[in-house]
Amino acid sequence: MPWSRIISGIVAIALALSATLLGGWYFTAMFAVVVFLGQQEYFNLVRARGIAPAAKTTIAFSLILLGICTLDGSLADAVMPIAGTLICFYLLFQPKFATIADVSASIMGLFYVGYLPSFWVRLRAIDSATFSNLPLGGYWPTNWTDFWGEVNFNSLPRGLTITLLTFLCIWAADIGAYIIGKFFGKTRLSEISPKKTVEGAIFGITSSLVVALGGAYYLHFPRSPLTGLALGLLIGIASLLGDLTESMLKRDAGVKDSGQLIPGHGGILDRTDSYIFTAPLVYYFVTLLLPLLAN
């Protein structure tokens, strides 16, 4: 593996962990940068197919959505239909007649690289107001020993621990799938992504299961280890589908990578595709299913 890939990966992980630890508007700012760059890459893929989307308008609404999620997550779902309507109005009054593809690509951009990633902000925001001890809704641990031992985890923001657990499950799935697929994979998983193998996918999902089981135990999930198995399976499959979806978009656009921003890794979408479908599923798993099981 090239050193540029290793170093850029370490830097990206360090930035992600720092922003996740801080939470509040700091976490939102990091995701705003990711969404902004990801939207640009997505619309470049779309333009490669001769489509003319409402790129600037869609990016603006995606960033507004992140801000609303930080202020009040309950209002976020109202942004999607309103933004979609205004994007259609914008395309309707352009000098050039918009096509079905123009409208569809714009709404897909809002949903795929705006709405779905916004659930990361909602996930990290759980209990943030209660634990905030920095300006802009930020948080900094008063005792780093809180990160060691299941007894101490209750003194940490729940949004922080759940977000970190989700990250760890995704990383375990990606690393497990890469290693096993590279050295032991023989059965091709899909024509969409020829390098992915069934063996790698199975081991990646299994790795996510193992991490989620440990996380469910330490975070005292109700009916653990059943809920740990369910969460690990959910994250493992969602991260795999996110990877395949982005591969499908690149294949249709006729490009190898979504961009060249990250040395050795390609574009933002190439590195974050596993995260796109994961956050909404984990958010509703934590906010709807776990309380139901606890009762």
# chains A, B, ... in the order shown; residues from 1 in each chain; ligands from 1
call {"tool": "residues_around", "arguments": {"residues": "region 211-222 of chain A", "least_positions_apart": "4", "cutoff": "10 Å", "atoms": "only C-alpha atoms", "output": "mmCIF file with N, CA, C and O atoms, in the first residue's frame"}}
result
data_model
loop_
_atom_site.group_PDB
_atom_site.id
_atom_site.type_symbol
_atom_site.label_atom_id
_atom_site.label_comp_id
_atom_site.auth_asym_id
_atom_site.auth_seq_id
_atom_site.Cartn_x
_atom_site.Cartn_y
_atom_site.Cartn_z
ATOM 1 N N TRP A 148 -12.463 4.383 29.143
ATOM 2 C CA TRP A 148 -12.005 3.023 29.424
ATOM 3 C C TRP A 148 -12.909 2.397 30.475
ATOM 4 O O TRP A 148 -13.063 2.906 31.569
ATOM 5 N N GLY A 149 -13.505 1.308 30.114
ATOM 6 C CA GLY A 149 -14.353 0.596 31.054
ATOM 7 C C GLY A 149 -15.816 0.898 30.863
ATOM 8 O O GLY A 149 -16.209 2.053 30.711
ATOM 9 N N GLU A 150 -16.625 -0.143 30.890
ATOM 10 C CA GLU A 150 -18.050 0.001 30.602
ATOM 11 C C GLU A 150 -18.776 0.854 31.627
ATOM 12 O O GLU A 150 -19.764 1.516 31.312
ATOM 13 N N VAL A 151 -18.276 0.887 32.873
ATOM 14 C CA VAL A 151 -18.939 1.672 33.908
ATOM 15 C C VAL A 151 -18.869 3.159 33.592
ATOM 16 O O VAL A 151 -19.801 3.924 33.853
ATOM 17 N N ASN A 152 -17.737 3.591 32.991
ATOM 18 C CA ASN A 152 -17.520 5.016 32.752
ATOM 19 C C ASN A 152 -18.239 5.546 31.518
ATOM 20 O O ASN A 152 -18.359 6.762 31.355
ATOM 21 N N PHE A 153 -18.682 4.676 30.621
ATOM 22 C CA PHE A 153 -19.273 5.131 29.370
ATOM 23 C C PHE A 153 -20.543 5.951 29.580
ATOM 24 O O PHE A 153 -20.913 6.764 28.741
ATOM 25 N N ASN A 154 -21.218 5.738 30.713
ATOM 26 C CA ASN A 154 -22.448 6.480 30.969
ATOM 27 C C ASN A 154 -22.188 7.961 31.219
ATOM 28 O O ASN A 154 -23.106 8.779 31.165
ATOM 29 N N ARG A 158 -24.202 10.243 24.808
ATOM 30 C CA ARG A 158 -24.641 9.027 24.117
ATOM 31 C C ARG A 158 -24.419 9.130 22.622
ATOM 32 O O ARG A 158 -24.065 8.154 21.958
ATOM 33 N N THR A 161 -20.729 8.187 21.900
ATOM 34 C CA THR A 161 -20.398 6.761 21.970
ATOM 35 C C THR A 161 -21.030 5.975 20.821
ATOM 36 O O THR A 161 -20.393 5.087 20.250
ATOM 37 N N ILE A 162 -22.268 6.316 20.457
ATOM 38 C CA ILE A 162 -22.925 5.610 19.363
ATOM 39 C C ILE A 162 -22.243 5.930 18.036
ATOM 40 O O ILE A 162 -22.040 5.048 17.179
ATOM 41 N N LEU A 164 -19.078 6.835 17.573
ATOM 42 C CA LEU A 164 -17.784 6.157 17.556
ATOM 43 C C LEU A 164 -17.953 4.669 17.287
ATOM 44 O O LEU A 164 -17.173 4.071 16.531
ATOM 45 N N LEU A 165 -18.961 4.061 17.896
ATOM 46 C CA LEU A 165 -19.213 2.635 17.660
ATOM 47 C C LEU A 165 -19.550 2.387 16.191
ATOM 48 O O LEU A 165 -19.066 1.412 15.589
ATOM 49 N N THR A 166 -20.346 3.260 15.605
ATOM 50 C CA THR A 166 -20.707 3.112 14.191
ATOM 51 C C THR A 166 -19.480 3.244 13.297
ATOM 52 O O THR A 166 -19.290 2.470 12.358
ATOM 53 N N LEU A 168 -16.397 2.581 14.142
ATOM 54 C CA LEU A 168 -15.572 1.394 14.336
ATOM 55 C C LEU A 168 -16.125 0.201 13.562
ATOM 56 O O LEU A 168 -15.359 -0.583 12.986
ATOM 57 N N CYS A 169 -17.446 0.066 13.532
ATOM 58 C CA CYS A 169 -18.065 -1.035 12.772
ATOM 59 C C CYS A 169 -17.791 -0.877 11.275
ATOM 60 O O CYS A 169 -17.484 -1.866 10.589
ATOM 61 N N ILE A 170 -17.906 0.336 10.763
ATOM 62 C CA ILE A 170 -17.641 0.583 9.339
ATOM 63 C C ILE A 170 -16.179 0.318 9.018
ATOM 64 O O ILE A 170 -15.854 -0.328 8.007
ATOM 65 N N TRP A 171 -15.280 0.812 9.879
ATOM 66 C CA TRP A 171 -13.850 0.582 9.640
ATOM 67 C C TRP A 171 -13.525 -0.903 9.675
ATOM 68 O O TRP A 171 -12.755 -1.398 8.852
ATOM 69 N N ALA A 172 -14.113 -1.629 10.635
ATOM 70 C CA ALA A 172 -13.880 -3.068 10.725
ATOM 71 C C ALA A 172 -14.382 -3.774 9.471
ATOM 72 O O ALA A 172 -13.719 -4.676 8.932
ATOM 73 N N ALA A 173 -15.560 -3.361 8.986
ATOM 74 C CA ALA A 173 -16.123 -3.973 7.782
ATOM 75 C C ALA A 173 -15.254 -3.688 6.562
ATOM 76 O O ALA A 173 -14.978 -4.595 5.761
ATOM 77 N N THR A 206 -18.995 -9.834 9.018
ATOM 78 C CA THR A 206 -18.686 -10.532 10.262
ATOM 79 C C THR A 206 -17.855 -9.656 11.194
ATOM 80 O O THR A 206 -18.075 -9.632 12.409
ATOM 81 N N SER A 207 -16.899 -8.923 10.629
ATOM 82 C CA SER A 207 -16.080 -8.011 11.440
ATOM 83 C C SER A 207 -16.943 -6.930 12.079
ATOM 84 O O SER A 207 -16.750 -6.572 13.248
ATOM 85 N N LEU A 226 -28.383 -9.713 21.305
ATOM 86 C CA LEU A 226 -29.256 -9.724 20.125
ATOM 87 C C LEU A 226 -29.224 -8.380 19.394
ATOM 88 O O LEU A 226 -29.095 -8.334 18.159
ATOM 89 N N THR A 227 -29.311 -7.292 20.149
ATOM 90 C CA THR A 227 -29.299 -5.979 19.507
ATOM 91 C C THR A 227 -27.917 -5.663 18.919
ATOM 92 O O THR A 227 -27.814 -4.951 17.920
ATOM 93 N N GLY A 228 -26.860 -6.190 19.537
ATOM 94 C CA GLY A 228 -25.526 -6.005 18.984
ATOM 95 C C GLY A 228 -25.382 -6.700 17.644
ATOM 96 O O GLY A 228 -24.819 -6.145 16.693
ATOM 97 N N LEU A 229 -25.897 -7.926 17.556
ATOM 98 C CA LEU A 229 -25.869 -8.654 16.286
ATOM 99 C C LEU A 229 -26.658 -7.918 15.213
ATOM 100 O O LEU A 229 -26.229 -7.802 14.062
ATOM 101 N N ALA A 230 -27.829 -7.402 15.593
ATOM 102 C CA ALA A 230 -28.674 -6.691 14.630
ATOM 103 C C ALA A 230 -27.989 -5.418 14.137
ATOM 104 O O ALA A 230 -27.991 -5.127 12.937
ATOM 105 N N LEU A 231 -27.372 -4.675 15.062
ATOM 106 C CA LEU A 231 -26.703 -3.435 14.673
ATOM 107 C C LEU A 231 -25.501 -3.723 13.775
ATOM 108 O O LEU A 231 -25.293 -3.042 12.763
ATOM 109 N N GLY A 232 -24.707 -4.737 14.131
ATOM 110 C CA GLY A 232 -23.542 -5.081 13.316
ATOM 111 C C GLY A 232 -23.921 -5.519 11.922
ATOM 112 O O GLY A 232 -23.263 -5.149 10.941
ATOM 113 N N LEU A 233 -24.991 -6.311 11.825
ATOM 114 C CA LEU A 233 -25.466 -6.753 10.512
ATOM 115 C C LEU A 233 -25.973 -5.574 9.704
ATOM 116 O O LEU A 233 -25.690 -5.453 8.502
ATOM 117 N N LEU A 234 -26.695 -4.680 10.365
ATOM 118 C CA LEU A 234 -27.236 -3.489 9.708
ATOM 119 C C LEU A 234 -26.117 -2.626 9.133
ATOM 120 O O LEU A 234 -26.158 -2.226 7.955
ATOM 121 N N ILE A 235 -25.109 -2.355 9.945
ATOM 122 C CA ILE A 235 -24.008 -1.492 9.519
ATOM 123 C C ILE A 235 -23.181 -2.176 8.442
ATOM 124 O O ILE A 235 -22.788 -1.546 7.444
ATOM 125 N N GLY A 236 -22.900 -3.466 8.606
ATOM 126 C CA GLY A 236 -22.095 -4.189 7.628
ATOM 127 C C GLY A 236 -22.724 -4.203 6.243
ATOM 128 O O GLY A 236 -22.054 -3.942 5.238
ATOM 129 N N VAL A 286 -31.277 3.410 17.083
ATOM 130 C CA VAL A 286 -30.994 3.884 18.440
ATOM 131 C C VAL A 286 -32.166 4.648 19.042
ATOM 132 O O VAL A 286 -32.477 4.490 20.213
ATOM 133 N N LEU A 289 -35.895 1.799 17.917
ATOM 134 C CA LEU A 289 -35.918 0.385 18.272
ATOM 135 C C LEU A 289 -35.415 0.118 19.691
ATOM 136 O O LEU A 289 -36.059 -0.614 20.462
ATOM 137 N N LEU A 290 -34.281 0.696 20.060
ATOM 138 C CA LEU A 290 -33.732 0.430 21.402
ATOM 139 C C LEU A 290 -34.665 0.880 22.524
ATOM 140 O O LEU A 290 -34.869 0.126 23.490
ATOM 141 N N PRO A 291 -35.273 2.078 22.444
ATOM 142 C CA PRO A 291 -36.231 2.442 23.496
ATOM 143 C C PRO A 291 -37.435 1.513 23.546
ATOM 144 O O PRO A 291 -37.964 1.224 24.625
ATOM 145 N N LEU A 292 -37.858 1.025 22.395
ATOM 146 C CA LEU A 292 -38.992 0.095 22.348
ATOM 147 C C LEU A 292 -38.644 -1.202 23.059
ATOM 148 O O LEU A 292 -39.443 -1.747 23.818
ATOM 149 N N LEU A 293 -37.436 -1.709 22.809
ATOM 150 C CA LEU A 293 -37.001 -2.947 23.461
ATOM 151 C C LEU A 293 -36.772 -2.745 24.948
ATOM 152 O O LEU A 293 -37.013 -3.644 25.766
ATOM 153 N N ALA A 294 -36.312 -1.553 25.320
ATOM 154 C CA ALA A 294 -36.062 -1.267 26.734
ATOM 155 C C ALA A 294 -37.346 -1.261 27.542
ATOM 156 O O ALA A 294 -37.354 -1.585 28.741
ATOM 157 N N ASN A 295 -38.454 -0.889 26.889
ATOM 158 C CA ASN A 295 -39.747 -0.836 27.584
ATOM 159 C C ASN A 295 -40.452 -2.181 27.604
ATOM 160 O O ASN A 295 -41.496 -2.316 28.221
#
call {"tool": "residues_around", "arguments": {"residues": "region 189-192 of chain A", "least_positions_apart": "3", "cutoff": "10 Å", "atoms": "only C-alpha atoms", "output": "MDAnalysis selection string"}}
result
chainID A and resid 185:186 195:201 244:252
call {"tool": "write_last_selection", "arguments": {"atoms": "N, CA, C and O atoms", "output": "short mmCIF file (atom, residue, chain, number, x, y, z; two decimals), in the first residue's frame"}}
result
data_model
loop_
_atom_site.label_atom_id
_atom_site.label_comp_id
_atom_site.auth_asym_id
_atom_site.auth_seq_id
_atom_site.Cartn_x
_atom_site.Cartn_y
_atom_site.Cartn_z
N GLY A 185 -10.05 -13.85 -1.54
CA GLY A 185 -11.27 -13.74 -2.33
C GLY A 185 -11.14 -14.40 -3.70
O GLY A 185 -10.17 -14.16 -4.42
N LYS A 186 -12.12 -15.20 -4.05
CA LYS A 186 -12.13 -15.88 -5.35
C LYS A 186 -13.44 -15.70 -6.11
O LYS A 186 -13.46 -15.74 -7.34
N LYS A 195 -13.60 -5.94 -8.23
CA LYS A 195 -12.61 -6.31 -7.23
C LYS A 195 -13.23 -6.82 -5.93
O LYS A 195 -12.53 -7.41 -5.10
N LYS A 196 -14.51 -6.61 -5.74
CA LYS A 196 -15.17 -7.07 -4.53
C LYS A 196 -15.55 -8.55 -4.66
O LYS A 196 -16.03 -8.98 -5.70
N THR A 197 -15.32 -9.29 -3.58
CA THR A 197 -15.59 -10.72 -3.60
C THR A 197 -16.60 -11.09 -2.52
O THR A 197 -16.79 -10.36 -1.54
N VAL A 198 -17.22 -12.24 -2.71
CA VAL A 198 -18.17 -12.75 -1.73
C VAL A 198 -17.47 -13.03 -0.41
O VAL A 198 -17.99 -12.71 0.67
N GLU A 199 -16.26 -13.60 -0.48
CA GLU A 199 -15.50 -13.91 0.73
C GLU A 199 -15.19 -12.64 1.51
O GLU A 199 -15.32 -12.59 2.74
N GLY A 200 -14.77 -11.60 0.80
CA GLY A 200 -14.47 -10.34 1.45
C GLY A 200 -15.70 -9.71 2.08
O GLY A 200 -15.65 -9.20 3.20
N ALA A 201 -16.83 -9.76 1.37
CA ALA A 201 -18.07 -9.18 1.88
C ALA A 201 -18.53 -9.89 3.15
O ALA A 201 -18.92 -9.25 4.14
N LEU A 244 -21.13 -0.17 -3.14
CA LEU A 244 -21.58 -0.64 -4.45
C LEU A 244 -22.37 0.45 -5.20
O LEU A 244 -22.27 0.56 -6.42
N THR A 245 -23.15 1.24 -4.46
CA THR A 245 -23.93 2.31 -5.10
C THR A 245 -23.01 3.34 -5.73
O THR A 245 -23.22 3.78 -6.87
N GLU A 246 -21.97 3.72 -5.00
CA GLU A 246 -21.04 4.71 -5.56
C GLU A 246 -20.28 4.13 -6.74
O GLU A 246 -20.00 4.83 -7.72
N SER A 247 -19.96 2.84 -6.67
CA SER A 247 -19.30 2.18 -7.80
C SER A 247 -20.19 2.19 -9.03
O SER A 247 -19.72 2.37 -10.16
N MET A 248 -21.50 2.01 -8.82
CA MET A 248 -22.45 2.05 -9.92
C MET A 248 -22.48 3.43 -10.57
O MET A 248 -22.50 3.55 -11.80
N LEU A 249 -22.45 4.49 -9.74
CA LEU A 249 -22.45 5.85 -10.27
C LEU A 249 -21.18 6.11 -11.09
O LEU A 249 -21.24 6.69 -12.18
N LYS A 250 -20.04 5.69 -10.58
CA LYS A 250 -18.78 5.89 -11.29
C LYS A 250 -18.75 5.09 -12.59
O LYS A 250 -18.25 5.57 -13.62
N ARG A 251 -19.27 3.88 -12.54
CA ARG A 251 -19.28 3.03 -13.74
C ARG A 251 -20.15 3.66 -14.83
O ARG A 251 -19.79 3.67 -16.01
N ASP A 252 -21.28 4.22 -14.42
CA ASP A 252 -22.17 4.85 -15.39
C ASP A 252 -21.53 6.11 -15.97
O ASP A 252 -21.73 6.42 -17.16
#
call {"tool": "residues_around", "arguments": {"residues": "region 98-108 of chain A", "least_positions_apart": "5", "cutoff": "9 Å", "atoms": "only C-alpha atoms", "output": "PyMOL selection string"}}
result
chain A and resi 43+46+51-55+57-58+83-84+87-88+91-93+113
call {"tool": "atom_distance", "arguments": {"atom1": "CA of Thr272 (chain A)", "atom2": "CA of Phe147 (chain A)"}}
result
25.6 Å
call {"tool": "residues_around", "arguments": {"residues": "region 11-23 of chain A", "least_positions_apart": "5", "cutoff": "10 Å", "atoms": "only C-alpha atoms", "output": "count of residues only"}}
result
30
